[in-house]
Amino acid sequence: MMALSESQIPPDAQHYLVCGTEGCERNCQFYCNDCHQQMCEQCRDEHQKNKKTKSHEVVPYKQRKRQLPVEKCQIHPTKEMVLLCEECQIPICYKCTATEEHRGHAFTDLEIYFDENISLCHEEIAKIRNNFEPTSQVLKKEIAGDVKEIKKIMDGIRTSMKAEAESMKKLVDTVTSENRKQVDKIEQSLLETFNDQTQKIDDYITYLDESSTDIEQITYALKSESFIIRPLPETSKPVPPIFTAGNFSKEDIAKLLGRITIQNTKPENRKIKPMETASTQLKPTGKQSKQGREKSDVKRTLSLSSSVTKVREYTVLVVDNVFHISLGKSGRLWVSDSNGNFVQIDLQRNQLQKIQTSGGSGSYRHTVTQDGDLIYTDRNNVINRITQNNTITEFIKTGDWKPLSIHSSHINGDILVGMETDEEGKVTRYNKTGIEIQNIQRDNKGQKLYKYPQYITENINGDVCVSDYGNDTVVVVDKSEQHRFSYTGQGSGFHPCGICTDVLGHILVCDSYSNTVHLLDQNGRFLTLLFTEQQGVDYPRSVCVDDENNLWMGQLTNKVTVYTYLQ
């Protein structure tokens with residue numbers, strides 16, 4: 001039997017794994033955590049006798065430490081990330097520990113953290129597998145039954161369509177037959193008219209012949225005072241009928257024959273046996289441990305609600321429209337309009353701050369940083385910062401690129417900025433101090449990813465999600481700049497505007513074409529439209545989700561509406 005490599009084998013599988021020592025093909029039973037090499041019993045003994053390696057930690061294979069994947073530091077590209085900053089909760093290299101951003105923070109060996117959490121993940125996968133495998137057989141039987149049922153339904157539809165077409169054909173044949181009979185009748189009438197006219201002509205010629213004979217008689221000549229001949233017979237050329245073709249199209253025929261439609265009904269989820277035990281929680285570190293536990297608990301209990309409910313509504317009097325919204329701490333809301341007016345209000349609708357930017361009409365997007373400051377895109381290709389004491393300072397200059405959208409990462413505080421120039425867009429990542437660390441512009445085939453990235457956000461898995469108004473597309477790339485997917489709506493028009501994500505990884509994007517919000521999962525699969533025409537949403541422009549999992553939405557009026565959509 002051929003031995004498998006470690007990467008080919010499930011973590012809980014019973015398998016034959018070959019020893020990693022060159023030239024040895026015996027069964028692997030042990031693992032050196034220092035060398036990250038699998039070993040058979042004989043090679044382990046030799047490894048522990050060797051002076052250079054006798055101090056290495058060799059353990060049974062199942063108790064091994066997982067090797068940390070090699071990943072280069074974004075700030076110091078020649079260095080590998082081997083530490084976890086407990087304060088910032090991000091992987092860093094040794095050189096990063098000396099930077100101002102991480103000075104005074106505590107650090108953990110990233111390999112240890114990685115191994116512990118990988119082990120927990122494998123345990124969780126094994127639990128899910130043990131729970132799901134019996135259920136999967138039931139689901140497969142149910143799906144097989146659904147396949148038969150759907151085939152039966154589709155056969156019924158096809159039969160109905162055929163019957164409808166045959167009925168229509170009979171009607172067409174009937175009408176055509178009646179029309180042909182009418183044509184035959186008209187033709188017969190016209191032919192009779194022609195025959196009458198021919199007979200008249202023949203009769204007149206006979207009359208002339210008889211008249212010629214009569215006048216040659218002496219008696220007739222003596223009696224006749226004058227010679228009178230009947231007038232020539234009149235004949236007319238009949239007007240033939242014309243045929244007026246019917247005025248119909250393929251759509252007209254489709255309406256008469258009926259059409260097949262897909263019901264706008266949310267599919268019923270199949271029932272799956274719930275896990276008997278709660279999901280394994282990844283091991284948190286540092287100051288965010290409690291917060292991480294709370295978020296994990298929330299994620300386990302939340303699901304998509306069957307309907308969207310309005311909770312409250314705010315009227316923001318000092319703006320012309322709600323072009324963009326950002327939520328800060330304690331539910332404080334920043335609102336901006338298309339004329340550069342910024343206002344901050346609290347949950348009681350009290351106005352806390354009001355700022356008029358230097359620019360006039362334009363695109364003003366903003367985001368609240370982890371420190372509670374507001375940063376926003378302004379004219380003249382700059383990004384400004386408004387501190388909590390109302391001081392406005394220039395934060396970032398973007399050169400020849402016009403900043404359109406901005407988002408402060410909830411994961412690590414990085415600043416994501418969508419920009420455009422000359423019909424081409426890009427996304428630039430800055431650290432929290434404003435230093436540029438990444439540019440996302442083209443996919444791995446060299447194709448442009450963006451044209452006009454006017455709204456931007458980040459998902460819980462680190463994906464960068466952009467509403468590209470120039471291409472009418474939502475573009476999602478991962479944190480390694482790899483294009484994951486693009487979403488272009490559900491077939492009709494699609495004009496994506498505001499975009500945000502929630503604690504479950506859903507992507508919520510405003511659609512100003514159909515006046516609704518599209519809900520996707522984090523892999524780009526369409527789930528539902530949150531709003532219907534009856535709910536009266538008018539040109540939604542911006543969305544965000546608060547810590548209570550409420551959806552805040554700004555429209556092209558001066559109103560901000562809050563909804564619940566999770567339960």
# chains A, B, ... in the order shown; residues from 1 in each chain; ligands from 1
call {"tool": "select_by_dssp", "arguments": {"residues": "range 35-129 of chain A", "states": "strand (DSSP E)", "output": "list in words"}}
result
Gln37, Gln38, Met39, Val58, Val59, Pro60, Leu83, Leu84, Cys85, Ile90, Pro91, Ile92, Phe107, Thr108 and Asp109 of chain A
call {"tool": "write_last_selection", "arguments": {"atoms": "N, CA and C atoms", "output": "tab-separated table (two decimals), in the first residue's frame"}}
result
chain	number	residue	atom	x	y	z
A	37	GLN	N	9.47	16.82	11.92
A	37	GLN	CA	9.68	15.68	11.04
A	37	GLN	C	9.02	14.45	11.65
A	38	GLN	N	8.31	13.69	10.80
A	38	GLN	CA	7.71	12.44	11.27
A	38	GLN	C	8.75	11.33	11.25
A	39	MET	N	8.62	10.39	12.22
A	39	MET	CA	9.67	9.37	12.39
A	39	MET	C	9.05	8.02	12.73
A	58	VAL	N	10.59	14.76	21.11
A	58	VAL	CA	9.99	13.77	20.20
A	58	VAL	C	8.77	13.19	20.91
A	59	VAL	N	7.64	13.25	20.27
A	59	VAL	CA	6.37	12.84	20.90
A	59	VAL	C	5.64	11.88	19.96
A	60	PRO	N	4.66	11.13	20.50
A	60	PRO	CA	3.80	10.34	19.60
A	60	PRO	C	3.16	11.24	18.55
A	83	LEU	N	5.49	35.86	16.08
A	83	LEU	CA	4.94	36.27	17.37
A	83	LEU	C	3.50	36.74	17.20
A	84	LEU	N	2.73	36.67	18.30
A	84	LEU	CA	1.38	37.23	18.33
A	84	LEU	C	1.37	38.38	19.34
A	85	CYS	N	0.99	39.59	18.88
A	85	CYS	CA	0.86	40.71	19.80
A	85	CYS	C	-0.45	40.54	20.56
A	90	ILE	N	-2.62	40.56	16.50
A	90	ILE	CA	-2.17	40.34	15.12
A	90	ILE	C	-0.80	39.67	15.15
A	91	PRO	N	-0.49	38.85	14.13
A	91	PRO	CA	0.84	38.24	14.05
A	91	PRO	C	1.87	39.27	13.60
A	92	ILE	N	3.07	39.19	14.16
A	92	ILE	CA	4.13	40.15	13.83
A	92	ILE	C	5.46	39.41	13.78
A	107	PHE	N	3.83	39.68	24.15
A	107	PHE	CA	3.87	38.86	22.95
A	107	PHE	C	3.84	37.38	23.32
A	108	THR	N	3.25	36.59	22.43
A	108	THR	CA	3.16	35.13	22.60
A	108	THR	C	3.81	34.46	21.40
A	109	ASP	N	4.44	33.30	21.66
A	109	ASP	CA	4.99	32.52	20.55
A	109	ASP	C	3.84	32.13	19.63
call {"tool": "residues_around", "arguments": {"residues": "Arg66 in chain A", "least_positions_apart": "2", "cutoff": "7 Å", "atoms": "only C-alpha atoms", "output": "PyMOL selection string"}}
result
chain A and resi 64+68+115
call {"tool": "write_last_selection", "arguments": {"atoms": "N, CA and C atoms", "output": "short mmCIF file (atom, residue, chain, number, x, y, z; two decimals), in the first residue's frame"}}
result
data_model
loop_
_atom_site.label_atom_id
_atom_site.label_comp_id
_atom_site.auth_asym_id
_atom_site.auth_seq_id
_atom_site.Cartn_x
_atom_site.Cartn_y
_atom_site.Cartn_z
N ARG A 64 1.73 15.70 18.28
CA ARG A 64 2.69 16.63 17.67
C ARG A 64 2.18 18.07 17.69
N LEU A 68 4.14 25.99 12.12
CA LEU A 68 3.60 27.30 11.75
C LEU A 68 3.88 27.58 10.27
N ASP A 115 -0.66 26.19 17.19
CA ASP A 115 -0.82 24.76 17.44
C ASP A 115 -2.02 24.49 18.34
#
call {"tool": "residues_around", "arguments": {"residues": "Lys255 in chain A", "least_positions_apart": "4", "cutoff": "12 Å", "atoms": "only C-alpha atoms", "output": "list in words"}}
result
Glu164, Ala165, Met168, Phe248, Ser249, Lys250, Glu251, Arg259 and Ile260 of chain A
call {"tool": "closest_atom_pairs", "arguments": {"of": "range 439-488 of chain A", "to": "range 323-343 of chain A", "cutoff": "12 Å", "atoms": "only C-alpha atoms", "output": "JSON lines"}}
result
{"residue": "A:Gln454", "atom": "CA", "partner": "A:His324", "partner_atom": "CA", "distance": 10.8}
{"residue": "A:Tyr455", "atom": "CA", "partner": "A:His324", "partner_atom": "CA", "distance": 9.3}
{"residue": "A:Ile456", "atom": "CA", "partner": "A:His324", "partner_atom": "CA", "distance": 11.5}
{"residue": "A:Thr457", "atom": "CA", "partner": "A:Ser326", "partner_atom": "CA", "distance": 11.4}
call {"tool": "write_last_selection", "arguments": {"atoms": "N, CA and C atoms", "output": "CSV table (one decimal), in the first residue's frame"}}
result
chain,number,residue,atom,x,y,z
A,454,GLN,N,-16.6,52.9,-4.3
A,454,GLN,CA,-17.1,54.1,-3.5
A,454,GLN,C,-17.5,53.7,-2.1
A,455,TYR,N,-17.7,52.4,-1.7
A,455,TYR,CA,-17.9,52.0,-0.3
A,455,TYR,C,-17.0,50.8,-0.1
A,456,ILE,N,-16.6,50.7,1.2
A,456,ILE,CA,-15.6,49.6,1.5
A,456,ILE,C,-15.9,49.1,3.0
A,457,THR,N,-15.6,47.9,3.2
A,457,THR,CA,-15.7,47.3,4.6
A,457,THR,C,-14.8,46.1,4.7
call {"tool": "residues_around", "arguments": {"residues": "Tyr204 in chain A", "least_positions_apart": "6", "cutoff": "9 Å", "atoms": "only C-alpha atoms", "output": "list of chain:residue names"}}
result
A:Arg230, A:Leu232, A:Pro233
call {"tool": "residues_around", "arguments": {"residues": "range 77-82 of chain A", "least_positions_apart": "6", "cutoff": "8 Å", "atoms": "only C-alpha atoms", "output": "short mmCIF file (atom, residue, chain, number, x, y, z; two decimals) with all heavy atoms, in the first residue's frame"}}
result
data_model
loop_
_atom_site.label_atom_id
_atom_site.label_comp_id
_atom_site.auth_asym_id
_atom_site.auth_seq_id
_atom_site.Cartn_x
_atom_site.Cartn_y
_atom_site.Cartn_z
N VAL A 70 4.85 29.44 6.93
CA VAL A 70 5.76 30.58 6.71
C VAL A 70 4.98 31.71 6.05
O VAL A 70 4.39 31.53 4.99
CB VAL A 70 6.96 30.16 5.83
CG1 VAL A 70 7.83 31.38 5.52
CG2 VAL A 70 7.77 29.08 6.53
N GLU A 71 4.96 32.84 6.72
CA GLU A 71 4.27 34.01 6.16
C GLU A 71 5.11 35.24 6.48
O GLU A 71 5.47 35.48 7.63
CB GLU A 71 2.86 34.15 6.74
CG GLU A 71 2.03 35.18 6.00
CD GLU A 71 0.56 35.13 6.42
OE1 GLU A 71 0.10 34.07 6.87
OE2 GLU A 71 -0.11 36.18 6.29
N PRO A 91 -0.49 38.85 14.13
CA PRO A 91 0.84 38.24 14.05
C PRO A 91 1.87 39.27 13.60
O PRO A 91 1.59 40.11 12.74
CB PRO A 91 0.66 37.14 13.00
CG PRO A 91 -0.50 37.58 12.17
CD PRO A 91 -1.39 38.37 13.06
N ILE A 92 3.07 39.19 14.16
CA ILE A 92 4.13 40.15 13.83
C ILE A 92 5.46 39.41 13.78
O ILE A 92 5.58 38.25 14.19
CB ILE A 92 4.22 41.29 14.87
CG1 ILE A 92 4.49 40.73 16.27
CG2 ILE A 92 2.96 42.14 14.86
CD1 ILE A 92 4.73 41.79 17.34
N CYS A 93 6.48 40.11 13.27
CA CYS A 93 7.84 39.56 13.28
C CYS A 93 8.60 40.14 14.48
O CYS A 93 8.11 41.04 15.17
CB CYS A 93 8.55 39.88 11.97
SG CYS A 93 8.93 41.64 11.76
N TYR A 94 9.82 39.63 14.71
CA TYR A 94 10.61 40.13 15.84
C TYR A 94 10.91 41.62 15.70
O TYR A 94 10.93 42.37 16.67
CB TYR A 94 11.93 39.34 15.95
CG TYR A 94 11.76 37.99 16.59
CD1 TYR A 94 11.98 36.83 15.85
CD2 TYR A 94 11.38 37.86 17.92
CE1 TYR A 94 11.82 35.58 16.43
CE2 TYR A 94 11.23 36.62 18.51
CZ TYR A 94 11.45 35.47 17.76
OH TYR A 94 11.29 34.25 18.33
N LYS A 95 11.10 42.06 14.46
CA LYS A 95 11.46 43.46 14.24
C LYS A 95 10.31 44.40 14.61
O LYS A 95 10.53 45.54 15.02
CB LYS A 95 11.84 43.65 12.77
CG LYS A 95 12.76 44.83 12.52
CD LYS A 95 13.33 44.78 11.10
CE LYS A 95 14.28 45.96 10.89
NZ LYS A 95 14.85 45.91 9.53
N ASP A 109 4.44 33.30 21.66
CA ASP A 109 4.99 32.52 20.55
C ASP A 109 3.84 32.13 19.63
O ASP A 109 2.92 31.40 20.03
CB ASP A 109 5.68 31.27 21.12
CG ASP A 109 6.41 30.48 20.02
OD1 ASP A 109 5.96 30.51 18.86
OD2 ASP A 109 7.43 29.83 20.35
N LEU A 110 3.89 32.59 18.41
CA LEU A 110 2.79 32.36 17.47
C LEU A 110 2.62 30.87 17.16
O LEU A 110 1.50 30.41 16.94
CB LEU A 110 3.04 33.14 16.17
CG LEU A 110 1.92 33.16 15.13
CD1 LEU A 110 0.65 33.74 15.73
CD2 LEU A 110 2.34 33.95 13.90
N GLU A 111 3.70 30.11 17.17
CA GLU A 111 3.61 28.69 16.87
C GLU A 111 2.81 27.96 17.94
O GLU A 111 2.00 27.07 17.64
CB GLU A 111 5.01 28.08 16.73
CG GLU A 111 4.97 26.62 16.27
CD GLU A 111 6.34 26.09 15.92
OE1 GLU A 111 7.24 26.18 16.79
OE2 GLU A 111 6.51 25.59 14.81
#
call {"tool": "closest_residue", "arguments": {"among": "A:Leu527, A:Gln48, A:Val417, A:Cys40", "to": "Tyr61 in chain A", "atoms": "only C-alpha atoms"}}
result
A:Cys40
call {"tool": "residues_around", "arguments": {"residues": "Gly498 in chain A", "least_positions_apart": "4", "cutoff": "12 Å", "atoms": "only C-alpha atoms", "output": "PyMOL selection string"}}
result
chain A and resi 322-326+365-366+405-407+453-457+465-469+474+507-512+516-518+539-545+552-556
call {"tool": "residues_around", "arguments": {"residues": "range 520-522 of chain A", "least_positions_apart": "2", "cutoff": "10 Å", "atoms": "only C-alpha atoms", "output": "MDAnalysis selection string"}}
result
chainID A and resid 459:461 463 465 476 485 487 501:502 504:509 517:518 524:529
call {"tool": "write_last_selection", "arguments": {"atoms": "C-alpha atoms", "output": "JSON list (two decimals), in the first residue's frame"}}
result
[["chain", "number", "residue", "atom", "x", "y", "z"],
["A", 459, "ASN", "CA", -15.39, 40.97, 7.00],
["A", 460, "ILE", "CA", -14.69, 38.95, 10.13],
["A", 461, "ASN", "CA", -12.33, 36.66, 8.17],
["A", 463, "ASP", "CA", -11.78, 39.79, 3.47],
["A", 465, "CYS", "CA", -15.39, 43.94, 0.52],
["A", 476, "VAL", "CA", -14.21, 40.68, -2.44],
["A", 485, "PHE", "CA", -15.47, 36.44, -5.80],
["A", 487, "TYR", "CA", -21.32, 39.66, -6.99],
["A", 501, "THR", "CA", -20.68, 42.98, 7.47],
["A", 502, "ASP", "CA", -22.02, 41.46, 10.67],
["A", 504, "LEU", "CA", -21.92, 36.08, 11.37],
["A", 505, "GLY", "CA", -19.82, 37.13, 8.37],
["A", 506, "HIS", "CA", -22.84, 38.17, 6.30],
["A", 507, "ILE", "CA", -22.23, 40.86, 3.68],
["A", 508, "LEU", "CA", -24.98, 43.49, 3.48],
["A", 509, "VAL", "CA", -25.00, 45.81, 0.45],
["A", 517, "VAL", "CA", -30.41, 45.48, 0.72],
["A", 518, "HIS", "CA", -28.84, 42.25, -0.59],
["A", 524, "GLY", "CA", -20.65, 35.37, -1.86],
["A", 525, "ARG", "CA", -23.73, 33.12, -1.91],
["A", 526, "PHE", "CA", -26.93, 35.15, -2.17],
["A", 527, "LEU", "CA", -29.24, 34.55, 0.80],
["A", 528, "THR", "CA", -32.11, 37.04, 0.55],
["A", 529, "LEU", "CA", -33.31, 40.60, -0.08]]
